[in-house]
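Printed here is structure_8.tsv (TSV, C-alpha atoms):
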chain	number	residue	atom	x	y	z
A	1	MET	CA	7.44	13.82	15.25
A	2	ARG	CA	10.70	13.07	13.41
A	3	VAL	CA	11.42	9.54	12.19
A	4	VAL	CA	15.15	8.80	12.34
A	5	LEU	CA	16.50	5.73	10.55
A	6	VAL	CA	19.54	4.45	12.48
A	7	ALA	CA	21.70	1.75	10.89
A	8	VAL	CA	25.20	0.34	10.75
A	9	VAL	CA	26.23	-0.98	7.34
A	10	SER	CA	29.20	-2.48	5.56
A	11	LEU	CA	30.52	-0.69	2.46
A	12	ASP	CA	28.44	-3.07	0.35
A	13	GLY	CA	25.27	-2.20	2.24
A	14	CYS	CA	24.99	-5.28	4.45
A	15	LEU	CA	23.35	-5.15	7.89
A	16	THR	CA	24.61	-8.63	8.75
A	17	ARG	CA	27.86	-10.49	8.08
A	18	HIS	CA	26.77	-13.27	5.74
A	19	ASP	CA	24.01	-15.29	7.45
A	20	ASP	CA	24.95	-14.31	11.02
A	21	GLY	CA	22.09	-12.37	12.65
A	22	GLY	CA	22.77	-9.29	14.78
A	23	VAL	CA	25.50	-6.67	14.59
A	24	ALA	CA	28.26	-8.31	16.64
A	25	TRP	CA	30.53	-7.48	13.68
A	26	ALA	CA	30.14	-3.71	14.24
A	27	SER	CA	32.88	-1.71	15.98
A	28	GLU	CA	32.82	-0.58	19.60
A	29	ASP	CA	32.79	2.96	18.20
A	30	ASP	CA	29.48	2.20	16.50
A	31	LYS	CA	28.01	0.58	19.58
A	32	SER	CA	28.67	3.56	21.84
A	33	HIS	CA	27.42	5.95	19.14
A	34	PHE	CA	24.26	3.83	18.79
A	35	SER	CA	23.51	4.08	22.52
A	36	SER	CA	23.90	7.84	22.58
A	37	THR	CA	21.71	8.23	19.48
A	38	LEU	CA	18.97	6.10	21.02
A	39	ALA	CA	19.08	8.27	24.14
A	40	THR	CA	17.80	11.19	22.01
A	41	CYS	CA	14.64	9.26	21.00
A	42	ASP	CA	11.45	8.75	22.99
A	43	SER	CA	10.15	5.89	20.83
A	44	SER	CA	11.59	3.21	18.58
A	45	ILE	CA	10.42	0.67	15.99
A	46	VAL	CA	11.84	-2.71	14.98
A	47	GLY	CA	10.57	-5.67	12.99
A	48	SER	CA	9.94	-9.01	14.65
A	49	ALA	CA	13.11	-10.66	13.30
A	50	THR	CA	15.23	-7.86	14.75
A	51	TYR	CA	13.30	-8.12	18.02
A	52	LEU	CA	13.95	-11.85	18.28
A	53	ALA	CA	17.68	-11.36	17.61
A	54	ALA	CA	17.89	-8.70	20.37
A	55	ARG	CA	15.12	-9.98	22.68
A	56	ASP	CA	17.16	-10.71	25.83
A	57	HIS	CA	18.95	-7.38	25.67
A	58	MET	CA	15.72	-5.46	25.02
A	59	LEU	CA	13.76	-7.13	27.82
A	60	ALA	CA	16.58	-6.41	30.27
A	61	ASN	CA	16.75	-2.74	29.29
A	62	LEU	CA	13.17	-1.48	29.15
A	63	HIS	CA	12.60	1.98	30.60
A	64	ALA	CA	9.92	4.64	30.51
A	65	ARG	CA	12.06	7.14	28.58
A	66	ARG	CA	11.57	5.20	25.33
A	67	ARG	CA	8.47	3.36	24.12
A	68	ARG	CA	9.42	0.36	21.98
A	69	MET	CA	7.20	-0.88	19.19
A	70	VAL	CA	7.67	-4.22	17.42
A	71	MET	CA	5.97	-4.67	14.04
A	72	THR	CA	4.61	-8.18	13.51
A	73	ARG	CA	1.76	-9.86	11.69
A	74	THR	CA	1.09	-11.93	14.83
A	75	PRO	CA	1.01	-9.66	17.93
A	76	ASP	CA	-0.86	-12.35	19.91
A	77	CYS	CA	2.19	-14.61	19.76
A	78	TYR	CA	4.13	-12.05	21.83
A	79	ALA	CA	1.52	-11.48	24.55
A	80	ASP	CA	3.88	-12.76	27.26
A	81	ASP	CA	6.56	-10.20	26.35
A	82	SER	CA	4.18	-7.23	26.06
A	83	ARG	CA	4.57	-4.34	28.57
A	84	PRO	CA	2.06	-1.57	27.71
A	85	GLY	CA	3.85	1.77	27.28
A	86	LEU	CA	7.26	0.10	27.35
A	87	LEU	CA	7.20	-2.73	24.78
A	88	GLU	CA	4.27	-3.26	22.43
A	89	PHE	CA	3.62	-5.60	19.49
A	90	ILE	CA	1.46	-4.23	16.71
A	91	SER	CA	0.21	-5.19	13.26
A	92	GLU	CA	-0.30	-1.88	11.46
A	93	SER	CA	0.93	-0.13	8.34
A	94	PRO	CA	4.04	2.07	8.73
A	95	ALA	CA	1.92	5.23	8.29
A	96	ALA	CA	-0.65	4.12	10.88
A	97	LEU	CA	2.07	3.33	13.39
A	98	ILE	CA	3.70	6.74	12.87
A	99	ASP	CA	0.31	8.44	13.29
A	100	ARG	CA	-0.32	6.55	16.52
A	101	LEU	CA	3.07	7.46	18.03
A	102	ARG	CA	2.67	11.10	17.01
A	103	ALA	CA	-0.85	11.24	18.49
A	104	ASP	CA	0.49	9.78	21.73
A	105	GLY	CA	3.06	12.58	22.02
A	106	SER	CA	6.32	11.06	20.75
A	107	SER	CA	8.66	13.70	19.31
A	108	ARG	CA	11.55	11.58	17.95
A	109	CYS	CA	11.26	7.97	16.84
A	110	ALA	CA	14.23	5.72	16.04
A	111	LEU	CA	13.67	3.26	13.19
A	112	LEU	CA	16.02	0.37	13.95
A	113	GLY	CA	15.46	-2.21	11.21
A	114	GLY	CA	15.84	-4.75	9.82
A	115	GLY	CA	16.03	-4.33	6.06
A	116	GLN	CA	12.36	-4.98	5.34
A	117	ILE	CA	11.29	-2.38	7.93
A	118	TYR	CA	13.75	0.21	6.61
A	119	SER	CA	12.62	-0.32	3.01
A	120	ALA	CA	8.89	-0.21	3.88
A	121	PHE	CA	9.24	3.15	5.67
A	122	LEU	CA	11.55	4.56	2.98
A	123	ALA	CA	9.21	3.44	0.20
A	124	ASP	CA	6.32	5.22	1.94
A	125	GLY	CA	8.33	8.46	2.37
A	126	LEU	CA	8.15	8.30	6.17
A	127	VAL	CA	11.85	8.76	7.01
A	128	ASP	CA	12.90	12.34	7.92
A	129	GLU	CA	16.51	11.69	8.84
A	130	MET	CA	19.08	8.90	8.56
A	131	ILE	CA	22.04	8.35	10.86
A	132	ILE	CA	24.25	5.79	9.12
A	133	THR	CA	27.43	4.28	10.46
A	134	ILE	CA	29.64	2.81	7.73
A	135	GLU	CA	32.16	0.17	8.77
A	136	PRO	CA	35.33	-0.69	6.76
A	137	LYS	CA	33.91	-4.06	5.72
A	138	ILE	CA	32.79	-5.78	2.53
A	139	PHE	CA	30.81	-8.96	3.13
A	140	GLY	CA	29.57	-9.94	-0.33
A	141	THR	CA	26.53	-11.64	1.21
A	142	GLY	CA	24.24	-10.61	4.08
A	143	THR	CA	20.92	-8.95	4.88
A	144	ARG	CA	20.72	-5.67	2.96
A	145	LEU	CA	20.07	-2.19	4.35
A	146	ALA	CA	16.87	-1.86	2.35
A	147	GLY	CA	15.86	-5.44	1.63
A	148	ASP	CA	16.68	-6.48	-1.91
A	149	THR	CA	13.25	-6.88	-3.48
A	150	ILE	CA	11.58	-3.43	-3.49
A	151	PRO	CA	13.04	-0.88	-5.94
A	152	ILE	CA	13.09	2.47	-4.12
A	153	ASP	CA	14.78	5.83	-4.67
A	154	PRO	CA	14.16	8.27	-1.81
A	155	SER	CA	15.99	11.58	-1.96
A	156	PHE	CA	18.28	12.71	0.85
A	157	ARG	CA	21.03	15.27	1.30
A	158	LEU	CA	24.15	14.82	3.37
A	159	ASP	CA	23.93	17.02	6.46
A	160	GLU	CA	27.22	16.04	8.07
A	161	VAL	CA	29.92	13.42	7.86
A	162	SER	CA	32.65	12.64	10.37
A	163	ARG	CA	35.05	9.98	11.45
A	164	LEU	CA	34.09	7.84	14.43
A	165	GLY	CA	37.14	6.33	16.10
A	166	ASP	CA	39.66	4.41	14.02
A	167	SER	CA	37.93	3.37	10.80
A	168	THR	CA	34.21	4.13	11.02
A	169	ILE	CA	32.30	6.81	9.08
A	170	LEU	CA	29.32	8.52	10.71
A	171	ALA	CA	26.96	10.27	8.29
A	172	ARG	CA	23.71	12.15	8.87
A	173	TYR	CA	21.23	12.64	6.03
A	174	LEU	CA	18.08	14.75	5.90
A	175	ARG	CA	15.15	14.22	3.58
A	176	ARG	CA	15.21	16.66	0.66
B	1	MET	CA	52.30	-2.36	-8.23
B	2	ARG	CA	49.33	-1.15	-6.18
B	3	VAL	CA	45.82	-2.33	-7.05
B	4	VAL	CA	43.25	0.40	-6.33
B	5	LEU	CA	39.56	-0.50	-6.28
B	6	VAL	CA	37.57	2.54	-7.44
B	7	ALA	CA	33.78	2.50	-7.07
B	8	VAL	CA	30.73	4.68	-6.58
B	9	VAL	CA	28.00	3.13	-4.42
B	10	SER	CA	24.64	3.95	-2.94
B	11	LEU	CA	24.24	3.71	0.86
B	12	ASP	CA	22.84	0.22	0.38
B	13	GLY	CA	25.88	-0.88	-1.62
B	14	CYS	CA	24.42	-0.74	-5.13
B	15	LEU	CA	26.56	-0.01	-8.18
B	16	THR	CA	23.50	0.43	-10.37
B	17	ARG	CA	20.07	1.97	-9.82
B	18	HIS	CA	17.74	-1.05	-10.03
B	19	ASP	CA	18.28	-2.76	-13.40
B	20	ASP	CA	19.72	0.27	-15.19
B	21	GLY	CA	23.31	-0.40	-16.27
B	22	GLY	CA	26.02	2.23	-15.92
B	23	VAL	CA	26.48	4.99	-13.36
B	24	ALA	CA	24.38	7.80	-14.88
B	25	TRP	CA	22.79	8.10	-11.41
B	26	ALA	CA	26.09	9.25	-9.83
B	27	SER	CA	26.70	12.93	-9.08
B	28	GLU	CA	28.81	15.29	-11.17
B	29	ASP	CA	31.07	15.52	-8.12
B	30	ASP	CA	31.73	11.79	-8.39
B	31	LYS	CA	32.34	11.92	-12.12
B	32	SER	CA	35.01	14.60	-11.89
B	33	HIS	CA	36.61	12.82	-8.93
B	34	PHE	CA	36.61	9.57	-10.93
B	35	SER	CA	38.46	11.19	-13.84
B	36	SER	CA	41.14	12.66	-11.61
B	37	THR	CA	41.60	9.34	-9.80
B	38	LEU	CA	41.99	7.48	-13.09
B	39	ALA	CA	44.64	9.99	-14.15
B	40	THR	CA	46.87	8.65	-11.33
B	41	CYS	CA	46.79	5.09	-12.72
B	42	ASP	CA	48.83	3.62	-15.58
B	43	SER	CA	46.62	0.54	-16.03
B	44	SER	CA	43.01	-0.45	-15.39
B	45	ILE	CA	40.85	-3.56	-15.29
B	46	VAL	CA	37.13	-4.06	-15.99
B	47	GLY	CA	34.90	-7.05	-16.60
B	48	SER	CA	33.25	-7.57	-19.97
B	49	ALA	CA	29.78	-6.40	-18.83
B	50	THR	CA	31.26	-3.11	-17.60
B	51	TYR	CA	33.21	-2.82	-20.85
B	52	LEU	CA	30.10	-3.29	-22.96
B	53	ALA	CA	28.20	-0.65	-20.92
B	54	ALA	CA	31.05	1.87	-21.41
B	55	ARG	CA	32.36	0.68	-24.80
B	56	ASP	CA	31.73	3.81	-26.89
B	57	HIS	CA	33.26	6.09	-24.27
B	58	MET	CA	36.28	3.83	-23.77
B	59	LEU	CA	37.01	3.41	-27.48
B	60	ALA	CA	36.83	7.19	-27.95
B	61	ASN	CA	39.23	7.87	-25.08
B	62	LEU	CA	42.12	5.40	-25.45
B	63	HIS	CA	45.56	6.81	-24.75
B	64	ALA	CA	49.04	5.50	-24.08
B	65	ARG	CA	49.13	6.79	-20.48
B	66	ARG	CA	46.82	3.98	-19.31
B	67	ARG	CA	46.71	0.37	-20.49
B	68	ARG	CA	43.17	-1.01	-20.29
B	69	MET	CA	42.49	-4.67	-19.65
B	70	VAL	CA	39.10	-6.33	-20.07
B	71	MET	CA	38.54	-9.70	-18.37
B	72	THR	CA	36.43	-12.07	-20.42
B	73	ARG	CA	36.07	-15.78	-20.97
B	74	THR	CA	35.92	-15.13	-24.73
B	75	PRO	CA	38.73	-12.76	-25.78
B	76	ASP	CA	38.36	-13.86	-29.42
B	77	CYS	CA	34.91	-12.27	-29.58
B	78	TYR	CA	36.50	-8.84	-29.03
B	79	ALA	CA	39.29	-9.13	-31.63
B	80	ASP	CA	37.93	-6.16	-33.58
B	81	ASP	CA	38.12	-3.86	-30.53
B	82	SER	CA	41.59	-4.96	-29.43
B	83	ARG	CA	44.45	-2.38	-29.54
B	84	PRO	CA	47.65	-3.96	-28.16
B	85	GLY	CA	49.10	-1.84	-25.34
B	86	LEU	CA	45.96	0.31	-25.19
B	87	LEU	CA	42.98	-2.03	-24.91
B	88	GLU	CA	43.37	-5.78	-24.41
B	89	PHE	CA	40.97	-8.65	-23.78
B	90	ILE	CA	42.23	-11.48	-21.62
B	91	SER	CA	41.04	-14.68	-20.02
B	92	GLU	CA	43.25	-15.11	-16.94
B	93	SER	CA	42.86	-15.43	-13.20
B	94	PRO	CA	42.97	-12.17	-11.20
B	95	ALA	CA	46.41	-13.12	-9.77
B	96	ALA	CA	47.84	-13.94	-13.22
B	97	LEU	CA	46.59	-10.64	-14.63
B	98	ILE	CA	48.12	-8.68	-11.74
B	99	ASP	CA	51.43	-10.53	-12.23
B	100	ARG	CA	51.41	-9.73	-15.93
B	101	LEU	CA	50.76	-6.01	-15.41
B	102	ARG	CA	53.43	-5.82	-12.71
B	103	ALA	CA	55.95	-7.61	-14.92
B	104	ASP	CA	55.20	-5.18	-17.73
B	105	GLY	CA	56.03	-2.22	-15.48
B	106	SER	CA	52.66	-0.90	-14.31
B	107	SER	CA	52.89	0.86	-10.93
B	108	ARG	CA	49.24	1.66	-10.14
B	109	CYS	CA	46.27	-0.27	-11.48
B	110	ALA	CA	42.63	0.89	-11.17
B	111	LEU	CA	40.11	-1.90	-10.61
B	112	LEU	CA	36.86	-0.53	-12.03
B	113	GLY	CA	34.26	-3.29	-11.65
B	114	GLY	CA	31.64	-4.51	-11.89
B	115	GLY	CA	30.60	-6.41	-8.81
B	116	GLN	CA	31.87	-9.83	-9.86
B	117	ILE	CA	35.30	-8.39	-10.68
B	118	TYR	CA	35.50	-6.50	-7.39
B	119	SER	CA	34.51	-9.56	-5.38
B	120	ALA	CA	36.92	-11.89	-7.22
B	121	PHE	CA	39.91	-9.60	-6.54
B	122	LEU	CA	38.84	-8.95	-2.93
B	123	ALA	CA	38.32	-12.66	-2.27
B	124	ASP	CA	41.86	-13.36	-3.54
B	125	GLY	CA	43.38	-10.60	-1.34
B	126	LEU	CA	44.62	-8.62	-4.34
B	127	VAL	CA	43.23	-5.17	-3.47
B	128	ASP	CA	45.70	-2.79	-1.75
B	129	GLU	CA	43.54	0.31	-1.60
B	130	MET	CA	39.91	1.29	-2.13
B	131	ILE	CA	38.63	4.70	-3.16
B	132	ILE	CA	34.89	4.64	-2.57
B	133	THR	CA	32.43	7.40	-3.37
B	134	ILE	CA	29.17	7.09	-1.40
B	135	GLU	CA	26.13	8.84	-2.84
B	136	PRO	CA	23.06	9.86	-0.76
B	137	LYS	CA	20.91	7.18	-2.37
B	138	ILE	CA	19.15	3.99	-1.34
B	139	PHE	CA	17.97	1.84	-4.24
B	140	GLY	CA	16.74	-1.38	-2.64
B	141	THR	CA	17.60	-3.32	-5.80
B	142	GLY	CA	20.61	-3.12	-8.12
B	143	THR	CA	23.97	-4.71	-8.90
B	144	ARG	CA	25.95	-4.99	-5.67
B	145	LEU	CA	29.44	-3.66	-4.95
B	146	ALA	CA	30.76	-7.15	-4.33
B	147	GLY	CA	28.39	-9.44	-6.18
B	148	ASP	CA	25.99	-11.15	-3.83
B	149	THR	CA	27.03	-14.78	-4.08
B	150	ILE	CA	30.56	-15.00	-2.62
B	151	PRO	CA	30.87	-14.52	1.15
B	152	ILE	CA	34.00	-12.42	1.71
B	153	ASP	CA	35.45	-10.44	4.59
B	154	PRO	CA	38.62	-8.59	3.67
B	155	SER	CA	40.11	-6.27	6.27
B	156	PHE	CA	40.67	-2.57	5.56
B	157	ARG	CA	41.27	0.55	7.61
B	158	LEU	CA	39.91	3.99	6.84
B	159	ASP	CA	42.76	6.23	5.70
B	160	GLU	CA	40.74	9.37	5.04
B	161	VAL	CA	37.18	10.55	4.62
B	162	SER	CA	35.94	13.84	3.22
B	163	ARG	CA	32.93	15.49	1.69
B	164	LEU	CA	32.84	15.83	-2.08
B	165	GLY	CA	30.58	18.68	-3.16
B	166	ASP	CA	27.03	18.84	-1.85
B	167	SER	CA	26.10	15.36	-0.62
B	168	THR	CA	28.78	12.86	-1.59
B	169	ILE	CA	31.23	11.11	0.75
B	170	LEU	CA	34.72	10.24	-0.50
B	171	ALA	CA	36.55	7.58	1.51
B	172	ARG	CA	39.94	5.99	1.07
B	173	TYR	CA	40.73	2.62	2.63
B	174	LEU	CA	44.03	0.76	2.88
B	175	ARG	CA	44.46	-2.97	3.32
B	176	ARG	CA	45.30	-3.87	6.93

Encoded form using structure tokens:
Amino acid sequence: MRVVLVAVVSLDGCLTRHDDGGVAWASEDDKSHFSSTLATCDSSIVGSATYLAARDHMLANLHARRRRMVMTRTPDCYADDSRPGLLEFISESPAALIDRLRADGSSRCALLGGGQIYSAFLADGLVDEMIITIEPKIFGTGTRLAGDTIPIDPSFRLDEVSRLGDSTILARYLRR
Amino acid sequence: MRVVLVAVVSLDGCLTRHDDGGVAWASEDDKSHFSSTLATCDSSIVGSATYLAARDHMLANLHARRRRMVMTRTPDCYADDSRPGLLEFISESPAALIDRLRADGSSRCALLGGGQIYSAFLADGLVDEMIITIEPKIFGTGTRLAGDTIPIDPSFRLDEVSRLGDSTILARYLRR
């Protein structure tokens, strides 16, 4: 199974514009690219903060083609939202979650954030590929791509870079 | 006079790898690009922390083709390093410094950091162009491209994007 980190960032590495949650600031070009990237994945992982920010949209768009996992220390608190095989809430280490998805037959898993989730998987060497959309923005403050508390230094190489629409960069990296 | 922000960043918007000062982490592709970009500018601006990190190199490479300005609250402390017309230490607002360079005939000024300098000029709307090199790195912690205390949101459009050597992205942005 390949783990694919998918993220949209500002030029200063922010996932959010200042304290505003979500990615409403991202371009339409990014949003349509994000949907087509997700369509190539049969599982996905988010943290609980990202889930809560996107909850309504996620609940309205569940389907059997992609199994969605939410990492949380308190799975019991989400029992009402749980849909086995479609939307599951788990308290496991990144490696244990990857092992479980692989054992269950997933072949391509999208890692969708937020910053703490990205940094935990990167720190543990579990990311095979990154698809990063870079918007022409500088926010100064905001949630960071890889948290801002864990020093990490994973090694990637640029596989391809292209322009997405008017002012967005789309880059794909592979683990060295 | 055009003000050109020149920076090398990691994918998570760091100027430095963790607490290590300087840009020793950047690729050789970035370093040769940086030199050729600087050669197109007849003035440059850095903050005092960036000056101190690069002091030996800067003092050994002064030349009349580029006037170097260092922003500091304590110009008197640098009297021994000062070389009028070549290397000057000033305590002025970003706008006043730009006005002074323009009045003295500069046509293209490179803004070279660090993060507090970048964010101060961006917040005041003084940056006309940005030449950003993006390395295939994620550091988690480090000095940020635009500080991390001032919320800003300047508007740029992507003029061009290309690949620089093996794994580096070179992007040029123009103020909208």

Pairing the C-alpha atoms in order across the whole chain, superpose chain B onto chain A by least squares and write the result as a compact mmCIF listing (two decimals) with C-alpha atoms, keeping the file's coordinate frame.
# COMPACT_ATOMS: atom_id res chain seq x y z
CA MET B 1 7.43 13.82 15.23
CA ARG B 2 10.68 13.08 13.39
CA VAL B 3 11.40 9.54 12.19
CA VAL B 4 15.15 8.80 12.34
CA LEU B 5 16.50 5.73 10.55
CA VAL B 6 19.52 4.45 12.48
CA ALA B 7 21.70 1.75 10.91
CA VAL B 8 25.20 0.34 10.76
CA VAL B 9 26.24 -0.98 7.34
CA SER B 10 29.20 -2.47 5.57
CA LEU B 11 30.52 -0.68 2.44
CA ASP B 12 28.45 -3.07 0.35
CA GLY B 13 25.27 -2.21 2.24
CA CYS B 14 25.00 -5.28 4.46
CA LEU B 15 23.36 -5.16 7.89
CA THR B 16 24.64 -8.62 8.75
CA ARG B 17 27.88 -10.48 8.06
CA HIS B 18 26.77 -13.28 5.72
CA ASP B 19 24.04 -15.30 7.45
CA ASP B 20 24.96 -14.31 11.00
CA GLY B 21 22.12 -12.38 12.64
CA GLY B 22 22.77 -9.32 14.78
CA VAL B 23 25.49 -6.68 14.59
CA ALA B 24 28.28 -8.32 16.63
CA TRP B 25 30.55 -7.47 13.66
CA ALA B 26 30.15 -3.70 14.24
CA SER B 27 32.89 -1.71 15.98
CA GLU B 28 32.84 -0.58 19.60
CA ASP B 29 32.80 2.96 18.20
CA ASP B 30 29.49 2.20 16.50
CA LYS B 31 28.00 0.58 19.58
CA SER B 32 28.67 3.55 21.83
CA HIS B 33 27.42 5.93 19.13
CA PHE B 34 24.26 3.82 18.78
CA SER B 35 23.51 4.07 22.51
CA SER B 36 23.92 7.83 22.58
CA THR B 37 21.73 8.22 19.48
CA LEU B 38 18.99 6.09 21.02
CA ALA B 39 19.10 8.27 24.14
CA THR B 40 17.80 11.18 22.01
CA CYS B 41 14.65 9.27 20.99
CA ASP B 42 11.44 8.76 22.99
CA SER B 43 10.15 5.89 20.83
CA SER B 44 11.58 3.20 18.57
CA ILE B 45 10.42 0.67 16.00
CA VAL B 46 11.84 -2.72 14.99
CA GLY B 47 10.56 -5.67 12.99
CA SER B 48 9.94 -9.01 14.67
CA ALA B 49 13.12 -10.67 13.31
CA THR B 50 15.24 -7.85 14.76
CA TYR B 51 13.30 -8.12 18.02
CA LEU B 52 13.94 -11.85 18.29
CA ALA B 53 17.69 -11.35 17.63
CA ALA B 54 17.89 -8.70 20.39
CA ARG B 55 15.12 -9.98 22.69
CA ASP B 56 17.16 -10.72 25.83
CA HIS B 57 18.95 -7.38 25.68
CA MET B 58 15.73 -5.45 25.03
CA LEU B 59 13.76 -7.13 27.82
CA ALA B 60 16.60 -6.41 30.27
CA ASN B 61 16.77 -2.74 29.31
CA LEU B 62 13.17 -1.47 29.15
CA HIS B 63 12.60 1.98 30.58
CA ALA B 64 9.91 4.64 30.50
CA ARG B 65 12.06 7.14 28.57
CA ARG B 66 11.57 5.20 25.31
CA ARG B 67 8.47 3.37 24.11
CA ARG B 68 9.42 0.36 21.98
CA MET B 69 7.20 -0.88 19.19
CA VAL B 70 7.65 -4.21 17.42
CA MET B 71 5.94 -4.68 14.03
CA THR B 72 4.60 -8.17 13.51
CA ARG B 73 1.77 -9.87 11.69
CA THR B 74 1.08 -11.93 14.83
CA PRO B 75 1.01 -9.67 17.91
CA ASP B 76 -0.86 -12.35 19.89
CA CYS B 77 2.20 -14.61 19.76
CA TYR B 78 4.14 -12.06 21.83
CA ALA B 79 1.51 -11.49 24.56
CA ASP B 80 3.88 -12.76 27.25
CA ASP B 81 6.56 -10.19 26.34
CA SER B 82 4.19 -7.23 26.05
CA ARG B 83 4.56 -4.33 28.57
CA PRO B 84 2.06 -1.57 27.71
CA GLY B 85 3.83 1.78 27.29
CA LEU B 86 7.25 0.10 27.34
CA LEU B 87 7.19 -2.72 24.80
CA GLU B 88 4.27 -3.25 22.42
CA PHE B 89 3.60 -5.59 19.51
CA ILE B 90 1.47 -4.24 16.70
CA SER B 91 0.21 -5.19 13.27
CA GLU B 92 -0.30 -1.87 11.46
CA SER B 93 0.93 -0.13 8.34
CA PRO B 94 4.04 2.06 8.74
CA ALA B 95 1.90 5.23 8.28
CA ALA B 96 -0.67 4.11 10.88
CA LEU B 97 2.07 3.34 13.40
CA ILE B 98 3.70 6.74 12.86
CA ASP B 99 0.31 8.44 13.29
CA ARG B 100 -0.31 6.56 16.51
CA LEU B 101 3.07 7.47 18.02
CA ARG B 102 2.66 11.11 17.00
CA ALA B 103 -0.84 11.24 18.49
CA ASP B 104 0.49 9.79 21.73
CA GLY B 105 3.06 12.59 22.01
CA SER B 106 6.31 11.07 20.75
CA SER B 107 8.67 13.70 19.29
CA ARG B 108 11.55 11.59 17.93
CA CYS B 109 11.25 7.98 16.84
CA ALA B 110 14.23 5.71 16.04
CA LEU B 111 13.67 3.27 13.18
CA LEU B 112 16.02 0.38 13.94
CA GLY B 113 15.46 -2.22 11.21
CA GLY B 114 15.88 -4.73 9.81
CA GLY B 115 16.03 -4.33 6.07
CA GLN B 116 12.36 -4.98 5.34
CA ILE B 117 11.31 -2.39 7.92
CA TYR B 118 13.75 0.20 6.60
CA SER B 119 12.63 -0.33 3.02
CA ALA B 120 8.90 -0.22 3.88
CA PHE B 121 9.25 3.14 5.68
CA LEU B 122 11.54 4.57 2.98
CA ALA B 123 9.21 3.44 0.20
CA ASP B 124 6.31 5.22 1.94
CA GLY B 125 8.33 8.46 2.38
CA LEU B 126 8.16 8.29 6.17
CA VAL B 127 11.85 8.75 7.02
CA ASP B 128 12.90 12.33 7.91
CA GLU B 129 16.51 11.69 8.84
CA MET B 130 19.07 8.90 8.58
CA ILE B 131 22.04 8.35 10.86
CA ILE B 132 24.24 5.80 9.13
CA THR B 133 27.43 4.28 10.47
CA ILE B 134 29.64 2.82 7.72
CA GLU B 135 32.17 0.19 8.78
CA PRO B 136 35.33 -0.67 6.77
CA LYS B 137 33.91 -4.04 5.73
CA ILE B 138 32.78 -5.75 2.54
CA PHE B 139 30.81 -8.95 3.10
CA GLY B 140 29.55 -9.94 -0.35
CA THR B 141 26.53 -11.66 1.20
CA GLY B 142 24.26 -10.61 4.07
CA THR B 143 20.94 -8.96 4.88
CA ARG B 144 20.72 -5.68 2.96
CA LEU B 145 20.07 -2.20 4.35
CA ALA B 146 16.88 -1.88 2.34
CA GLY B 147 15.80 -5.43 1.63
CA ASP B 148 16.60 -6.44 -1.92
CA THR B 149 13.17 -6.87 -3.45
CA ILE B 150 11.55 -3.40 -3.48
CA PRO B 151 13.02 -0.87 -5.93
CA ILE B 152 13.10 2.47 -4.10
CA ASP B 153 14.79 5.81 -4.65
CA PRO B 154 14.16 8.27 -1.84
CA SER B 155 15.99 11.58 -1.96
CA PHE B 156 18.28 12.71 0.86
CA ARG B 157 21.03 15.27 1.31
CA LEU B 158 24.15 14.81 3.39
CA ASP B 159 23.92 17.01 6.47
CA GLU B 160 27.21 16.03 8.08
CA VAL B 161 29.93 13.41 7.87
CA SER B 162 32.66 12.64 10.38
CA ARG B 163 35.06 9.96 11.45
CA LEU B 164 34.10 7.84 14.44
CA GLY B 165 37.16 6.35 16.12
CA ASP B 166 39.67 4.42 14.03
CA SER B 167 37.92 3.37 10.82
CA THR B 168 34.21 4.13 11.02
CA ILE B 169 32.32 6.82 9.09
CA LEU B 170 29.32 8.52 10.71
CA ALA B 171 26.95 10.27 8.30
CA ARG B 172 23.73 12.14 8.86
CA TYR B 173 21.24 12.63 6.04
CA LEU B 174 18.09 14.75 5.90
CA ARG B 175 15.15 14.22 3.59
CA ARG B 176 15.21 16.65 0.65

If you take every atom of region 49-55 of chain B that the file lists and fit an axis-aligned box around them with 3 Å extra on each side, what centre and edge lengths come out in Å to one decimal, as AutoDock Vina command-line options?
--center_x 30.7 --center_y -2.3 --center_z -21.2 --size_x 11.0 --size_y 14.3 --size_z 13.2

Using all atoms listed in the file and a cut-off of 9 Å, which residues of chain A sit close to chain B? Please list them as a VMD selection string. chain A and resid 9 to 14 17 to 18 119 122 132 134 to 142 144 to 163 166 to 169 171 173

Select all residues near (31.1, -1.2, -19.9) (cut-off 12 Å, inclusive, file coordinates), counting only C-alpha atoms, and output them as a list in words.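 Here is the list of nearby residues: Gly21, Gly22, Val23, Ile45, Val46, Gly47, Ser48, Ala49, Thr50, Tyr51, Leu52, Ala53, Ala54, Arg55, Asp56, His57, Met58, Leu59, Met69, Val70, Met71, Leu112, Gly113 and Gly114 of chain B.
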
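In this model, the gap between CA of Ser106 (chain A) and CA of Leu86 (chain A) comes to 12.8 Å.
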
Residues within 9 Å of region 126-131 of chain B, please, as a VMD selection string. Count all atoms listed in the file; anything in the same chain fewer than 5 positions from it doesn't count. chain B and resid 2 to 8 37 94 to 95 98 111 118 120 to 121 156 170 to 176

In Å, with one decimal, what is the gap from CA of Arg108 (chain A) to CA of Ser91 (chain A)?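 One can read the CA of Arg108 (chain A) to CA of Ser91 (chain A) distance as 20.8 Å.
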